[in-house]
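This report concerns only the one structure given below.
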Amino acid sequence: MPEVRLVGAQGEQIGVVKIEDALRMAQEQDLDLVEVAPTSKPPVAKLMDFGKFKYEAAQKVREARKNQVNTILKTVRFGLKIDDHDYGTKRAQIAKFLKAGDKVKVIVVFRGREQSRPEMGIKLLQKLAEEVAELGAVESNPSIDGRNMVMVIGPLKNKADAKAEAKKAADKLSKAAAKEPVSADQPKESAAAEAAE
């Protein structure tokens, strides 16, 4: 006669019982008999509300996924002969990504004869790395990849910290806007707009 090691609904050890007895006990308590360790000798079974168990397991998975933060690898590419304004725009974009807690893959594209001057690409990437040093650190030094030179910059703050800091700043701004007194002759919209500035 097959037997199982039975565990009660509150986790108490009932002992080794016949499967028929375990099923009867589960029916009497209006619970399910769930096999939790099938490879044990004898197999371990537990009395539980299986629907509730599945729901709680799904809740734990959902909560873990909500707390998990994925660092994204953003890519910014530019040519070796980039002008100052475009360079400033790209640098600001990289700074924004790093502040948000994302890694940035910076690619310098070499065209034609520029490929014979890799030191120019290294110089440009090192300059960029120095300018964003307060937000991120170089994770992989400049390396040649075909016609491109690639460097990866990682954020100093992780994604979760960056998100928390951004939320804190937004809350502070909304509280400041709410506290701003509105005079009788000033429309409410313009007061809120001034608070946002």
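So you can find residues: chains in the structure tokens are A, B, ... in the order shown, residues in each start at 1, and ligands are numbered from 1 in order.
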Name the residues in contact with Ala92 in chain A at a cut-off of 12 Å, using only C-alpha atoms, excluding same-chain residues fewer than 5 positions from it; report them as a PyMOL selection string.
-> chain A and resi 76+85-87+97-99+128+131-132+135
Could those residues be written to a file, using N, CA and C atoms, as a PDB file, in the first residue's frame?
ATOM      1  N   VAL A  76      25.130  55.353 -28.329  1.00  0.00           N
ATOM      2  CA  VAL A  76      25.275  56.683 -28.919  1.00  0.00           C
ATOM      3  C   VAL A  76      26.439  56.584 -29.900  1.00  0.00           C
ATOM      4  N   HIS A  85      28.880  71.673 -31.465  1.00  0.00           N
ATOM      5  CA  HIS A  85      27.486  71.694 -31.024  1.00  0.00           C
ATOM      6  C   HIS A  85      26.912  70.277 -30.965  1.00  0.00           C
ATOM      7  N   ASP A  86      27.163  69.488 -32.024  1.00  0.00           N
ATOM      8  CA  ASP A  86      26.662  68.110 -32.052  1.00  0.00           C
ATOM      9  C   ASP A  86      27.297  67.285 -30.937  1.00  0.00           C
ATOM     10  N   TYR A  87      28.581  67.522 -30.703  1.00  0.00           N
ATOM     11  CA  TYR A  87      29.291  66.814 -29.638  1.00  0.00           C
ATOM     12  C   TYR A  87      28.645  67.129 -28.278  1.00  0.00           C
ATOM     13  N   PHE A  97      21.412  59.524 -19.900  1.00  0.00           N
ATOM     14  CA  PHE A  97      21.334  58.071 -19.758  1.00  0.00           C
ATOM     15  C   PHE A  97      22.016  57.609 -18.474  1.00  0.00           C
ATOM     16  N   LEU A  98      23.194  58.158 -18.188  1.00  0.00           N
ATOM     17  CA  LEU A  98      23.937  57.759 -16.985  1.00  0.00           C
ATOM     18  C   LEU A  98      23.189  58.157 -15.712  1.00  0.00           C
ATOM     19  N   LYS A  99      22.564  59.343 -15.722  1.00  0.00           N
ATOM     20  CA  LYS A  99      21.782  59.791 -14.563  1.00  0.00           C
ATOM     21  C   LYS A  99      20.613  58.848 -14.302  1.00  0.00           C
ATOM     22  N   LEU A 128      35.555  62.520 -23.789  1.00  0.00           N
ATOM     23  CA  LEU A 128      34.157  62.303 -23.405  1.00  0.00           C
ATOM     24  C   LEU A 128      34.069  61.661 -22.020  1.00  0.00           C
ATOM     25  N   GLU A 131      34.669  64.096 -19.276  1.00  0.00           N
ATOM     26  CA  GLU A 131      33.589  65.080 -19.114  1.00  0.00           C
ATOM     27  C   GLU A 131      32.361  64.510 -18.414  1.00  0.00           C
ATOM     28  N   VAL A 132      32.170  63.179 -18.455  1.00  0.00           N
ATOM     29  CA  VAL A 132      31.019  62.570 -17.774  1.00  0.00           C
ATOM     30  C   VAL A 132      31.470  61.746 -16.562  1.00  0.00           C
ATOM     31  N   LEU A 135      29.326  61.193 -13.442  1.00  0.00           N
ATOM     32  CA  LEU A 135      28.113  60.380 -13.588  1.00  0.00           C
ATOM     33  C   LEU A 135      28.400  58.915 -13.894  1.00  0.00           C
TER      34      LEU A 135
END
Could you please write out, as JSON, numbers by chain, every residue of range 15-129 of chain A that DSSP assigns to alpha helix (DSSP H)?
-> {"A": [19, 20, 21, 22, 23, 24, 25, 26, 27, 28, 50, 51, 52, 53, 54, 55, 56, 57, 58, 59, 60, 61, 62, 63, 64, 65, 66, 67, 84, 85, 86, 87, 88, 89, 90, 91, 92, 93, 94, 95, 96, 97, 98, 99, 118, 119, 120, 121, 122, 123, 124, 125, 126, 127, 128, 129]}
Output C-alpha atoms of each residue in that selection to a file, as a PDB file, in the first residue's frame.
ATOM      1  CA  ILE A  19      -2.463   7.798   0.647  1.00  0.00           C
ATOM      2  CA  GLU A  20      -6.146   6.927   1.229  1.00  0.00           C
ATOM      3  CA  ASP A  21      -5.921   8.266   4.812  1.00  0.00           C
ATOM      4  CA  ALA A  22      -4.133  11.424   3.624  1.00  0.00           C
ATOM      5  CA  LEU A  23      -6.802  12.030   0.976  1.00  0.00           C
ATOM      6  CA  ARG A  24      -9.568  11.466   3.553  1.00  0.00           C
ATOM      7  CA  MET A  25      -7.923  13.951   5.967  1.00  0.00           C
ATOM      8  CA  ALA A  26      -7.647  16.534   3.162  1.00  0.00           C
ATOM      9  CA  GLN A  27     -11.333  16.062   2.288  1.00  0.00           C
ATOM     10  CA  GLU A  28     -12.399  16.388   5.950  1.00  0.00           C
ATOM     11  CA  PHE A  50      -3.794  24.812  -3.558  1.00  0.00           C
ATOM     12  CA  GLY A  51      -5.610  27.785  -5.149  1.00  0.00           C
ATOM     13  CA  LYS A  52      -4.429  30.083  -2.358  1.00  0.00           C
ATOM     14  CA  PHE A  53      -0.915  28.621  -2.618  1.00  0.00           C
ATOM     15  CA  LYS A  54      -0.765  29.311  -6.382  1.00  0.00           C
ATOM     16  CA  TYR A  55      -2.100  32.853  -5.868  1.00  0.00           C
ATOM     17  CA  GLU A  56       0.508  33.649  -3.181  1.00  0.00           C
ATOM     18  CA  ALA A  57       3.308  32.200  -5.329  1.00  0.00           C
ATOM     19  CA  ALA A  58       2.187  34.370  -8.261  1.00  0.00           C
ATOM     20  CA  GLN A  59       2.095  37.427  -5.962  1.00  0.00           C
ATOM     21  CA  LYS A  60       5.695  36.738  -4.834  1.00  0.00           C
ATOM     22  CA  VAL A  61       6.866  36.434  -8.437  1.00  0.00           C
ATOM     23  CA  ARG A  62       5.064  39.664  -9.385  1.00  0.00           C
ATOM     24  CA  GLU A  63       6.584  41.508  -6.396  1.00  0.00           C
ATOM     25  CA  ALA A  64      10.078  40.231  -7.234  1.00  0.00           C
ATOM     26  CA  ARG A  65       9.676  41.350 -10.842  1.00  0.00           C
ATOM     27  CA  LYS A  66       8.469  44.785  -9.713  1.00  0.00           C
ATOM     28  CA  ASN A  67      11.529  45.244  -7.487  1.00  0.00           C
ATOM     29  CA  ASP A  84      31.249  71.141 -31.190  1.00  0.00           C
ATOM     30  CA  HIS A  85      27.486  71.694 -31.024  1.00  0.00           C
ATOM     31  CA  ASP A  86      26.662  68.110 -32.052  1.00  0.00           C
ATOM     32  CA  TYR A  87      29.291  66.814 -29.638  1.00  0.00           C
ATOM     33  CA  GLY A  88      27.683  68.825 -26.814  1.00  0.00           C
ATOM     34  CA  THR A  89      24.265  67.399 -27.691  1.00  0.00           C
ATOM     35  CA  LYS A  90      25.601  63.814 -27.685  1.00  0.00           C
ATOM     36  CA  ARG A  91      27.432  64.418 -24.380  1.00  0.00           C
ATOM     37  CA  ALA A  92      24.201  65.743 -22.796  1.00  0.00           C
ATOM     38  CA  GLN A  93      22.347  62.665 -24.068  1.00  0.00           C
ATOM     39  CA  ILE A  94      24.994  60.354 -22.552  1.00  0.00           C
ATOM     40  CA  ALA A  95      24.817  62.274 -19.245  1.00  0.00           C
ATOM     41  CA  LYS A  96      21.005  61.847 -19.226  1.00  0.00           C
ATOM     42  CA  PHE A  97      21.334  58.071 -19.758  1.00  0.00           C
ATOM     43  CA  LEU A  98      23.937  57.759 -16.985  1.00  0.00           C
ATOM     44  CA  LYS A  99      21.782  59.791 -14.563  1.00  0.00           C
ATOM     45  CA  PRO A 118      42.680  55.342 -34.462  1.00  0.00           C
ATOM     46  CA  GLU A 119      44.509  57.573 -31.945  1.00  0.00           C
ATOM     47  CA  MET A 120      42.080  60.387 -32.871  1.00  0.00           C
ATOM     48  CA  GLY A 121      39.137  58.185 -31.849  1.00  0.00           C
ATOM     49  CA  ILE A 122      40.850  57.227 -28.572  1.00  0.00           C
ATOM     50  CA  LYS A 123      41.499  60.917 -27.834  1.00  0.00           C
ATOM     51  CA  LEU A 124      37.850  61.819 -28.519  1.00  0.00           C
ATOM     52  CA  LEU A 125      36.493  58.972 -26.328  1.00  0.00           C
ATOM     53  CA  GLN A 126      38.894  59.787 -23.466  1.00  0.00           C
ATOM     54  CA  LYS A 127      37.792  63.437 -23.582  1.00  0.00           C
ATOM     55  CA  LEU A 128      34.157  62.303 -23.405  1.00  0.00           C
ATOM     56  CA  ALA A 129      34.872  59.924 -20.503  1.00  0.00           C
TER      57      ALA A 129
END
Could you tell me which of A:Gly154, A:Ser143, A:Glu134, A:Arg77 comes closest to Lys103 in chain A if we count only C-alpha atoms?
->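 Going through A:Gly154, A:Ser143, A:Glu134, A:Arg77 one by one, the smallest distance to Lys103 in chain A is for A:Gly154.
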Any idea what's packed within 12 Å of Phe110 in chain A, counting only C-alpha atoms, ignoring anything in its chain fewer than 2 positions away? Could you give it as a list of chain:residue names?
->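 Close residues of Phe110 in chain A: A:Arg77, A:Phe78, A:Gly79, A:Leu80, A:Lys81, A:Ile82, A:Ile107, A:Val108, A:Gly112, A:Arg113, A:Glu114, A:Gln115, A:Ser116, A:Arg117, A:Pro118, A:Glu119, A:Met120, A:Gly121, A:Ile122, A:Ile144, A:Asp145, A:Gly146, A:Arg147, A:Asn148, A:Met149, A:Val150.
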Keeping only C-alpha atoms, write the selected residues as a PDB file, in the first residue's frame.
ATOM      1  CA  ARG A  77      27.264  56.923 -32.150  1.00  0.00           C
ATOM      2  CA  PHE A  78      29.060  59.779 -33.857  1.00  0.00           C
ATOM      3  CA  GLY A  79      31.715  60.450 -36.467  1.00  0.00           C
ATOM      4  CA  LEU A  80      35.315  61.419 -35.840  1.00  0.00           C
ATOM      5  CA  LYS A  81      34.786  64.894 -37.351  1.00  0.00           C
ATOM      6  CA  ILE A  82      31.803  65.826 -35.149  1.00  0.00           C
ATOM      7  CA  ILE A 107      30.646  54.269 -30.894  1.00  0.00           C
ATOM      8  CA  VAL A 108      32.947  56.421 -33.035  1.00  0.00           C
ATOM      9  CA  GLY A 112      37.505  56.353 -45.414  1.00  0.00           C
ATOM     10  CA  ARG A 113      41.043  57.372 -44.476  1.00  0.00           C
ATOM     11  CA  GLU A 114      40.031  58.099 -40.872  1.00  0.00           C
ATOM     12  CA  GLN A 115      40.614  54.386 -40.196  1.00  0.00           C
ATOM     13  CA  SER A 116      44.360  54.990 -40.356  1.00  0.00           C
ATOM     14  CA  ARG A 117      44.089  57.419 -37.379  1.00  0.00           C
ATOM     15  CA  PRO A 118      42.680  55.342 -34.462  1.00  0.00           C
ATOM     16  CA  GLU A 119      44.509  57.573 -31.945  1.00  0.00           C
ATOM     17  CA  MET A 120      42.080  60.387 -32.871  1.00  0.00           C
ATOM     18  CA  GLY A 121      39.137  58.185 -31.849  1.00  0.00           C
ATOM     19  CA  ILE A 122      40.850  57.227 -28.572  1.00  0.00           C
ATOM     20  CA  ILE A 144      38.516  48.789 -32.531  1.00  0.00           C
ATOM     21  CA  ASP A 145      35.538  46.857 -33.911  1.00  0.00           C
ATOM     22  CA  GLY A 146      35.762  46.850 -37.726  1.00  0.00           C
ATOM     23  CA  ARG A 147      35.238  50.441 -38.902  1.00  0.00           C
ATOM     24  CA  ASN A 148      34.160  51.548 -35.424  1.00  0.00           C
ATOM     25  CA  MET A 149      35.761  52.242 -32.067  1.00  0.00           C
ATOM     26  CA  VAL A 150      33.650  51.187 -29.090  1.00  0.00           C
TER      27      VAL A 150
END
Please, what distance in Å, to one decimal, runs between CA of Val109 in chain A and CA of Met151 in chain A?
->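 Distance reported for this atom pair: 11.9 Å.
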Counting only C-alpha atoms, which of A:Val36, A:Leu31, A:Leu47, A:Val104 gets nearest to Gly11 in chain A?
->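 The answer is A:Leu47, which sits nearest to Gly11 in chain A.
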So which residues of range 74-143 of chain A fall under strand (DSSP E) by DSSP, listed as a PyMOL selection string?
-> chain A and resi 74-79+103-109+136-143
Distance query Met48 in chain A at most 10 Å, only C-alpha atoms, self and fewer than 6 positions along chain excluded, as a CSV table (one decimal) with N, CA and C atoms, in the first residue's frame:
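The result, stored in part01.csv:
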chain,number,residue,atom,x,y,z
A,7,VAL,N,2.4,16.3,5.9
A,7,VAL,CA,2.6,17.6,6.7
A,7,VAL,C,1.3,18.3,6.7
A,8,GLY,N,1.0,18.8,7.9
A,8,GLY,CA,-0.3,19.5,8.1
A,8,GLY,C,-0.4,20.8,7.5
A,9,ALA,N,-1.6,21.5,7.5
A,9,ALA,CA,-1.8,22.8,6.9
A,9,ALA,C,-1.0,23.9,7.6
A,10,GLN,N,-0.6,23.7,8.9
A,10,GLN,CA,0.2,24.7,9.6
A,10,GLN,C,1.7,24.4,9.6
A,11,GLY,N,2.0,23.3,8.8
A,11,GLY,CA,3.4,22.9,8.8
A,11,GLY,C,3.8,21.9,9.8
A,26,ALA,N,-7.6,15.3,4.0
A,26,ALA,CA,-7.6,16.5,3.2
A,26,ALA,C,-9.1,16.9,2.9
A,29,GLN,N,-10.9,18.3,6.0
A,29,GLN,CA,-10.5,19.7,6.3
A,29,GLN,C,-10.8,20.6,5.1
A,30,ASP,N,-11.4,20.1,4.1
A,30,ASP,CA,-11.7,20.9,2.9
A,30,ASP,C,-10.4,21.5,2.3
A,31,LEU,N,-9.3,20.7,2.2
A,31,LEU,CA,-8.1,21.2,1.7
A,31,LEU,C,-7.7,20.2,0.5
A,32,ASP,N,-6.5,20.6,-0.1
A,32,ASP,CA,-6.0,19.7,-1.2
A,32,ASP,C,-4.8,19.0,-0.6
A,33,LEU,N,-4.5,17.8,-1.2
A,33,LEU,CA,-3.3,17.0,-0.9
A,33,LEU,C,-2.3,17.3,-2.0
A,34,VAL,N,-1.2,18.0,-1.7
A,34,VAL,CA,-0.2,18.4,-2.7
A,34,VAL,C,1.1,17.7,-2.4
